[in-house]
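Inspection log for the structure reproduced underneath, given as structure tokens.
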Amino acid sequence: METEIFSVDNHMDNIVSYQQAVDILKKGGVVAFPTETVYGLGALATDEQAVQRIFEAKGRPSDNPLIVHIGTKEEVDKYAVDIPEVANKLMEACWPGPLTLVFHKRAGVIAENVTPGFQTVGIRMPDHPVALRLLKELGAPLAAPSANRSGKPSPTEANHVYADLQGRIPLIVDGGRTGVGVESTVLDMTTVPPTILRPGGMTREMIESIIGPVNAESKTPGEEAPRAPGMKYAHYAPESPLFVIELDESIISEAIAILHADGKKVAVIGPDEFVPAEADWYFPIGPIHDQNAMAANLYHAIRQCDQTDADIILATETDLGGVGEAVMNRLNKAADGKRFSL
Ligand code: TXA
Ligand code: MG
């Protein structure tokens with residue numbers, strides 16, 4: 001299969017590109033498209049065979065439920081039941097935006113394999129003009145996970161999608177780089193109070209300012225399986241081992257010296273201000289303490305590390321406020337919990 005890339009531009013009428021995407025989707029095919037968080041790989045959420053193609057293209061475990069993307073807030077009632085009042089407040093304040101809400105699902109509407117074995121469904125309205133236009137032209141909900149091969153970092157550019165899924169999908173709608181850069185926050189609305197199953201682009205502070213305190217999924221090892229199954233898989237893993245390291249220029253320099261003495265080549269992901277001369281590769285991900293920039297650039301930097309022949313990757317940590325919680329969650333997953341200490 002040839003993979004086509006169509007660039008769409010907000011200032012132009014791209015009706016032909018959208019029409020091609022809609023035609024493929026209506027026939028049960030998959031299309032990659034930009035959202036404000038990361039690129040998604042979409043298929044008609046009501047068509048079981050179409051949804052099956054997502055799992056095949058990604059190599060995704062079939063027990064991991066997909067998020068349903070909708071183009072208007074009103075649609076949520078078609079796919080979910082028992083929507084609590086606090087959810088209405090969140091939808092009012094945060095949609096469109098990087099917040100996925102998990103509800104009890106309405107029986108018999110969304111294809112079974114979107115939420116395999118689950119009585120719930122995760123729904124979000126993406127805040128991206130291309131995604132919203134596509135949903136509007138299609139007039140139907142899209143099941144869409146991130147458009148990476150399973151286990152790779154989520155794509156924040158069309159060419160990341162191409163690198164992973166070339167030859168496996170017919171079309172990528174290219175809307176440029178995504179803005180947020182980490183995936184949506186997944187919030188379970190079936191618990192009281194609601195539970196954050198995955199930290200993401202919508203910050204805990206923002207959510208709590210609207211509905212008060214929320215729970216966080218327990219991270220104690222050995223406890224029951226996470227309720228967002230996606231969180232249990234090795235994710236975002238670069239090809240070389242990645243270690244989280246303190247945000248301190250001299251500690252990084254020392255670490256590089258130790259690794260060099262051991263014959264290792266080192267790639268470093270860190271703030272714009274550091275750029276240690278000794279690093280074999282340095283990938284800056286924005287001004288120091290700018291967590292939004294860090295979120296926006298992290299996956300691209302991890303992919304850049306994969307293009308080097310570094311033996312080891314060091315990535316600087318950030319504090320947990322704001323989107324920092326999501327950034328550290330992804331970094332710790334990429335590191336598989338490893339920290340470099342002197
Ligand atoms: O920002 C995003 O959320 C992106 C864009 C494309 O929308 N999508 C995304 O999808 O990250 P995916 O499939 O890579 O991650 C979805 C996460 C997984 O951890 C999955 O387990 C969880 O959401 N999830 C989906 N539906 C769920 C449900 N009904 N109950 C619990 N967790 C659910
Ligand atoms: Mg994903």
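Each chain in the structure tokens gets a letter, A, B and so on, in the order shown; residues start at 1 in every chain, and ligands are counted from 1 in the order they appear.
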Open item on the list: List as a list in words the protein and nucleic acid residues near Ile24 (chain A), meaning an atom at most 12 Å away when only C-alpha atoms are counted, but skip any in the same chain fewer than 5 places from it.
Closed with: Glu4, Ser17, Tyr18, Gln19, Gly29, Val30, Val31, Ala32, Gly42, Ala43, Leu44, Ala50, Leu134, Leu138, Ile169, Pro170, Leu171, Ile172 and Val173 of chain A
Task: Residues of region 40-113 of chain A in strand (DSSP E or B), written as a count of residues only - done: 17
TODO: Please identify every polymer residue within 7 Å of ligand 2, using only C-alpha atoms and all ligand atoms, and present the set as an MDAnalysis selection string.
DONE: chainID A and resid 145:146 148 154
Writing out the chosen residues with N, CA and C atoms as a PDB file, in the first residue's frame:
ATOM      1  N   PRO A 145      -6.481   6.053  18.219  1.00  0.00           N
ATOM      2  CA  PRO A 145      -5.344   6.085  19.131  1.00  0.00           C
ATOM      3  C   PRO A 145      -4.268   6.974  18.516  1.00  0.00           C
ATOM      4  N   SER A 146      -3.182   7.164  19.216  1.00  0.00           N
ATOM      5  CA  SER A 146      -2.060   7.885  18.635  1.00  0.00           C
ATOM      6  C   SER A 146      -1.548   7.101  17.420  1.00  0.00           C
ATOM      7  N   ASN A 148       1.186   6.123  16.068  1.00  0.00           N
ATOM      8  CA  ASN A 148       2.528   5.534  16.075  1.00  0.00           C
ATOM      9  C   ASN A 148       2.413   4.018  16.014  1.00  0.00           C
ATOM     10  N   SER A 154       4.461   8.820  20.654  1.00  0.00           N
ATOM     11  CA  SER A 154       3.376   9.335  19.821  1.00  0.00           C
ATOM     12  C   SER A 154       3.919  10.355  18.825  1.00  0.00           C
TER      13      SER A 154
END
Would you tabulate, counting only C-alpha atoms and all ligand atoms, all residues of chain A that have an atom at most 7 Å from an atom of ligand 1, showing the closest pair of atoms and their distance in Å to one decimal, sorted by chain then ascending number, as JSON lines?
{"residue": "A:Thr35", "atom": "CA", "partner": "ligand 1", "partner_atom_place_in_ligand_line": "5 (C)", "distance": 6.2}
{"residue": "A:Thr37", "atom": "CA", "partner": "ligand 1", "partner_atom_place_in_ligand_line": "1 (O)", "distance": 4.8}
{"residue": "A:Val38", "atom": "CA", "partner": "ligand 1", "partner_atom_place_in_ligand_line": "5 (C)", "distance": 5.4}
{"residue": "A:Tyr39", "atom": "CA", "partner": "ligand 1", "partner_atom_place_in_ligand_line": "6 (C)", "distance": 5.2}
{"residue": "A:Gly40", "atom": "CA", "partner": "ligand 1", "partner_atom_place_in_ligand_line": "6 (C)", "distance": 3.5}
{"residue": "A:Leu41", "atom": "CA", "partner": "ligand 1", "partner_atom_place_in_ligand_line": "6 (C)", "distance": 6.8}
{"residue": "A:Asn64", "atom": "CA", "partner": "ligand 1", "partner_atom_place_in_ligand_line": "21 (O)", "distance": 5.1}
{"residue": "A:Pro65", "atom": "CA", "partner": "ligand 1", "partner_atom_place_in_ligand_line": "26 (N)", "distance": 4.5}
{"residue": "A:Leu66", "atom": "CA", "partner": "ligand 1", "partner_atom_place_in_ligand_line": "25 (C)", "distance": 4.6}
{"residue": "A:Ile67", "atom": "CA", "partner": "ligand 1", "partner_atom_place_in_ligand_line": "25 (C)", "distance": 4.8}
{"residue": "A:Pro98", "atom": "CA", "partner": "ligand 1", "partner_atom_place_in_ligand_line": "1 (O)", "distance": 6.0}
{"residue": "A:Thr100", "atom": "CA", "partner": "ligand 1", "partner_atom_place_in_ligand_line": "3 (O)", "distance": 6.6}
{"residue": "A:Val102", "atom": "CA", "partner": "ligand 1", "partner_atom_place_in_ligand_line": "29 (N)", "distance": 5.5}
{"residue": "A:Thr115", "atom": "CA", "partner": "ligand 1", "partner_atom_place_in_ligand_line": "29 (N)", "distance": 5.9}
{"residue": "A:Phe118", "atom": "CA", "partner": "ligand 1", "partner_atom_place_in_ligand_line": "29 (N)", "distance": 6.3}
{"residue": "A:Thr120", "atom": "CA", "partner": "ligand 1", "partner_atom_place_in_ligand_line": "29 (N)", "distance": 4.5}
{"residue": "A:Val121", "atom": "CA", "partner": "ligand 1", "partner_atom_place_in_ligand_line": "29 (N)", "distance": 3.8}
{"residue": "A:Gly122", "atom": "CA", "partner": "ligand 1", "partner_atom_place_in_ligand_line": "26 (N)", "distance": 4.3}
{"residue": "A:Pro126", "atom": "CA", "partner": "ligand 1", "partner_atom_place_in_ligand_line": "7 (O)", "distance": 6.7}
{"residue": "A:Ala144", "atom": "CA", "partner": "ligand 1", "partner_atom_place_in_ligand_line": "6 (C)", "distance": 5.6}
{"residue": "A:Pro145", "atom": "CA", "partner": "ligand 1", "partner_atom_place_in_ligand_line": "13 (O)", "distance": 3.3}
{"residue": "A:Ser146", "atom": "CA", "partner": "ligand 1", "partner_atom_place_in_ligand_line": "14 (O)", "distance": 4.2}
{"residue": "A:Ala147", "atom": "CA", "partner": "ligand 1", "partner_atom_place_in_ligand_line": "6 (C)", "distance": 6.9}
{"residue": "A:Val182", "atom": "CA", "partner": "ligand 1", "partner_atom_place_in_ligand_line": "1 (O)", "distance": 6.7}
{"residue": "A:Glu183", "atom": "CA", "partner": "ligand 1", "partner_atom_place_in_ligand_line": "1 (O)", "distance": 3.4}
{"residue": "A:Ser184", "atom": "CA", "partner": "ligand 1", "partner_atom_place_in_ligand_line": "1 (O)", "distance": 3.7}
{"residue": "A:Thr185", "atom": "CA", "partner": "ligand 1", "partner_atom_place_in_ligand_line": "3 (O)", "distance": 6.9}
{"residue": "A:Val186", "atom": "CA", "partner": "ligand 1", "partner_atom_place_in_ligand_line": "23 (O)", "distance": 6.0}
{"residue": "A:Leu197", "atom": "CA", "partner": "ligand 1", "partner_atom_place_in_ligand_line": "32 (N)", "distance": 6.8}
{"residue": "A:Arg198", "atom": "CA", "partner": "ligand 1", "partner_atom_place_in_ligand_line": "19 (O)", "distance": 6.7}
{"residue": "A:Arg227", "atom": "CA", "partner": "ligand 1", "partner_atom_place_in_ligand_line": "31 (C)", "distance": 5.3}
{"residue": "A:Ala228", "atom": "CA", "partner": "ligand 1", "partner_atom_place_in_ligand_line": "32 (N)", "distance": 3.4}
{"residue": "A:Pro229", "atom": "CA", "partner": "ligand 1", "partner_atom_place_in_ligand_line": "21 (O)", "distance": 4.0}
{"residue": "A:Gly230", "atom": "CA", "partner": "ligand 1", "partner_atom_place_in_ligand_line": "19 (O)", "distance": 3.3}
{"residue": "A:Met231", "atom": "CA", "partner": "ligand 1", "partner_atom_place_in_ligand_line": "19 (O)", "distance": 5.0}
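Of the listed residues A:Ile196, A:Ile110, A:Ala315, A:Ala257, the one whose atoms come nearest to Pro271 (chain A) is A:Ala315, with distances taken using only C-alpha atoms.
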- [ ] Determine, counting only C-alpha atoms, which protein, DNA and RNA residues have an atom within 12 Å of an atom of region 206-220 of chain A; residues of the same chain fewer than 6 positions away are not included. Present the result as a PyMOL selection string.
- [x] chain A and resi 84-95+97-101+185-200+226-229+231-232+321-323+325+329
Task: Shell around Val16 (chain A) at 12 Å using only C-alpha atoms, local window under 6 positions removed, as an NGL selection string - done: :A and (6-8 or 22-23 or 134 or 137 or 173)
Selected residues, C-alpha atoms, written as a PDB file, in the first residue's frame, please.
ATOM      1  CA  PHE A   6      -1.848  15.559   2.043  1.00  0.00           C
ATOM      2  CA  SER A   7      -0.945  18.945   3.463  1.00  0.00           C
ATOM      3  CA  VAL A   8      -3.885  21.021   4.572  1.00  0.00           C
ATOM      4  CA  VAL A  22     -13.778  11.118   4.194  1.00  0.00           C
ATOM      5  CA  ASP A  23     -14.095   8.684   1.263  1.00  0.00           C
ATOM      6  CA  LEU A 134     -12.649  16.176   9.265  1.00  0.00           C
ATOM      7  CA  GLU A 137     -17.292  16.512   6.918  1.00  0.00           C
ATOM      8  CA  VAL A 173      -3.532  14.446   6.569  1.00  0.00           C
TER       9      VAL A 173
END
Find the residues around His260 (chain A) up to 10 Å (only C-alpha atoms counted), leave out those fewer than 6 positions away in its own chain, and share them as a PDB file with C-alpha atoms, in the first residue's frame.
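What follows is the written file around-v6.pdb:
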ATOM      1  CA  GLU A 254      30.009  14.628  35.233  1.00  0.00           C
ATOM      2  CA  VAL A 266      25.794   9.912  25.013  1.00  0.00           C
ATOM      3  CA  GLU A 278      30.965  17.166  25.873  1.00  0.00           C
ATOM      4  CA  ALA A 279      27.637  15.592  24.870  1.00  0.00           C
ATOM      5  CA  ASP A 280      27.899  13.599  21.639  1.00  0.00           C
TER       6      ASP A 280
END
Open item on the list: I want to know what sits within 7 Å of region 285-299 of chain A, based on only C-alpha atoms, with residues of the same chain fewer than 4 positions away left out; could you give that as number ranges by chain?
Closed with: A: 153-154, 179-182, 269-273, 303, 318, 323-324, 327
Write to file, as a PDB file, in the first residue's frame, the residues of the selection just made, with N, CA, C and O atoms.
ATOM      1  N   PRO A 153       7.161   6.442  20.528  1.00  0.00           N
ATOM      2  CA  PRO A 153       6.568   7.688  21.031  1.00  0.00           C
ATOM      3  C   PRO A 153       5.455   8.143  20.097  1.00  0.00           C
ATOM      4  O   PRO A 153       5.500   7.892  18.898  1.00  0.00           O
ATOM      5  N   SER A 154       4.461   8.820  20.654  1.00  0.00           N
ATOM      6  CA  SER A 154       3.376   9.335  19.821  1.00  0.00           C
ATOM      7  C   SER A 154       3.919  10.355  18.825  1.00  0.00           C
ATOM      8  O   SER A 154       4.862  11.069  19.113  1.00  0.00           O
ATOM      9  N   GLY A 179       0.422  21.074  18.745  1.00  0.00           N
ATOM     10  CA  GLY A 179       0.788  22.105  19.711  1.00  0.00           C
ATOM     11  C   GLY A 179       1.130  21.591  21.097  1.00  0.00           C
ATOM     12  O   GLY A 179       2.163  21.934  21.669  1.00  0.00           O
ATOM     13  N   VAL A 180       0.268  20.745  21.658  1.00  0.00           N
ATOM     14  CA  VAL A 180       0.437  20.316  23.051  1.00  0.00           C
ATOM     15  C   VAL A 180       1.593  19.316  23.173  1.00  0.00           C
ATOM     16  O   VAL A 180       2.454  19.436  24.047  1.00  0.00           O
ATOM     17  N   GLY A 181       1.604  18.326  22.315  1.00  0.00           N
ATOM     18  CA  GLY A 181       2.755  17.425  22.235  1.00  0.00           C
ATOM     19  C   GLY A 181       2.688  16.185  23.099  1.00  0.00           C
ATOM     20  O   GLY A 181       3.357  15.199  22.803  1.00  0.00           O
ATOM     21  N   VAL A 182       1.923  16.193  24.186  1.00  0.00           N
ATOM     22  CA  VAL A 182       1.648  14.956  24.936  1.00  0.00           C
ATOM     23  C   VAL A 182       0.151  14.677  24.803  1.00  0.00           C
ATOM     24  O   VAL A 182      -0.634  15.572  24.498  1.00  0.00           O
ATOM     25  N   ILE A 269      18.916  15.042  26.258  1.00  0.00           N
ATOM     26  CA  ILE A 269      17.715  15.855  26.015  1.00  0.00           C
ATOM     27  C   ILE A 269      17.616  16.806  27.201  1.00  0.00           C
ATOM     28  O   ILE A 269      17.571  16.359  28.353  1.00  0.00           O
ATOM     29  N   GLY A 270      17.627  18.110  26.937  1.00  0.00           N
ATOM     30  CA  GLY A 270      17.612  19.064  28.047  1.00  0.00           C
ATOM     31  C   GLY A 270      17.199  20.444  27.595  1.00  0.00           C
ATOM     32  O   GLY A 270      16.820  20.643  26.436  1.00  0.00           O
ATOM     33  N   PRO A 271      17.255  21.413  28.507  1.00  0.00           N
ATOM     34  CA  PRO A 271      16.794  22.760  28.176  1.00  0.00           C
ATOM     35  C   PRO A 271      17.731  23.489  27.206  1.00  0.00           C
ATOM     36  O   PRO A 271      18.909  23.140  27.095  1.00  0.00           O
ATOM     37  N   ASP A 272      17.186  24.504  26.537  1.00  0.00           N
ATOM     38  CA  ASP A 272      17.958  25.282  25.562  1.00  0.00           C
ATOM     39  C   ASP A 272      19.238  25.860  26.158  1.00  0.00           C
ATOM     40  O   ASP A 272      20.235  26.008  25.471  1.00  0.00           O
ATOM     41  N   GLU A 273      19.196  26.196  27.446  1.00  0.00           N
ATOM     42  CA  GLU A 273      20.307  26.933  28.058  1.00  0.00           C
ATOM     43  C   GLU A 273      21.544  26.095  28.322  1.00  0.00           C
ATOM     44  O   GLU A 273      22.615  26.659  28.532  1.00  0.00           O
ATOM     45  N   ARG A 303      12.610  10.798  19.326  1.00  0.00           N
ATOM     46  CA  ARG A 303      12.780  10.240  17.974  1.00  0.00           C
ATOM     47  C   ARG A 303      14.123  10.646  17.384  1.00  0.00           C
ATOM     48  O   ARG A 303      14.762   9.865  16.664  1.00  0.00           O
ATOM     49  N   THR A 318      11.761  17.532  35.161  1.00  0.00           N
ATOM     50  CA  THR A 318      11.141  18.818  35.422  1.00  0.00           C
ATOM     51  C   THR A 318      10.223  18.640  36.619  1.00  0.00           C
ATOM     52  O   THR A 318       9.972  17.519  37.048  1.00  0.00           O
ATOM     53  N   VAL A 323       1.621  20.884  33.164  1.00  0.00           N
ATOM     54  CA  VAL A 323       1.762  19.756  32.246  1.00  0.00           C
ATOM     55  C   VAL A 323       3.023  18.946  32.578  1.00  0.00           C
ATOM     56  O   VAL A 323       3.262  17.865  32.022  1.00  0.00           O
ATOM     57  N   GLY A 324       3.819  19.438  33.563  1.00  0.00           N
ATOM     58  CA  GLY A 324       4.996  18.701  34.029  1.00  0.00           C
ATOM     59  C   GLY A 324       4.647  17.306  34.528  1.00  0.00           C
ATOM     60  O   GLY A 324       5.443  16.374  34.398  1.00  0.00           O
ATOM     61  N   VAL A 327       4.542  15.236  31.443  1.00  0.00           N
ATOM     62  CA  VAL A 327       5.898  15.107  30.888  1.00  0.00           C
ATOM     63  C   VAL A 327       6.697  14.082  31.697  1.00  0.00           C
ATOM     64  O   VAL A 327       7.330  13.181  31.131  1.00  0.00           O
TER      65      VAL A 327
END
Task: Option closest in space to His160 (chain A), from A:Gln304, A:Asn14, A:Ser62, A:Ser341 [counting only C-alpha atoms] - done: A:Gln304
Open item on the list: as number ranges by chain, please: the residues near Asp262 (chain A) (cut-off 12 Å, only C-alpha atoms, same-chain neighbours under 5 positions excluded).
Closed with: A: 255-257, 311-312
Expected file: the selected residues, N, CA and C atoms, as a PDB file, in the first residue's frame:
ATOM      1  N   ALA A 255      28.218  13.180  34.547  1.00  0.00           N
ATOM      2  CA  ALA A 255      27.642  11.922  34.058  1.00  0.00           C
ATOM      3  C   ALA A 255      28.217  11.572  32.690  1.00  0.00           C
ATOM      4  N   ILE A 256      28.320  12.580  31.823  1.00  0.00           N
ATOM      5  CA  ILE A 256      28.864  12.337  30.478  1.00  0.00           C
ATOM      6  C   ILE A 256      30.313  11.857  30.594  1.00  0.00           C
ATOM      7  N   ALA A 257      31.094  12.488  31.476  1.00  0.00           N
ATOM      8  CA  ALA A 257      32.498  12.088  31.653  1.00  0.00           C
ATOM      9  C   ALA A 257      32.591  10.624  32.094  1.00  0.00           C
ATOM     10  N   ASP A 311      24.715   5.258  22.789  1.00  0.00           N
ATOM     11  CA  ASP A 311      24.542   4.047  23.600  1.00  0.00           C
ATOM     12  C   ASP A 311      23.595   4.305  24.753  1.00  0.00           C
ATOM     13  N   ILE A 312      23.489   5.588  25.111  1.00  0.00           N
ATOM     14  CA  ILE A 312      22.673   5.921  26.275  1.00  0.00           C
ATOM     15  C   ILE A 312      22.094   7.334  26.096  1.00  0.00           C
TER      16      ILE A 312
END
Open item on the list: I need the residues in region 131-260 of chain A that are alpha helix (DSSP H) according to DSSP; give them as JSON, numbers by chain.
Closed with: {"A": [131, 132, 133, 134, 135, 136, 137, 138, 158, 159, 160, 161, 162, 163, 164, 165, 204, 205, 206, 207, 208, 209, 210, 211, 249, 250, 251, 252, 253, 254, 255, 256, 257, 258, 259, 260]}
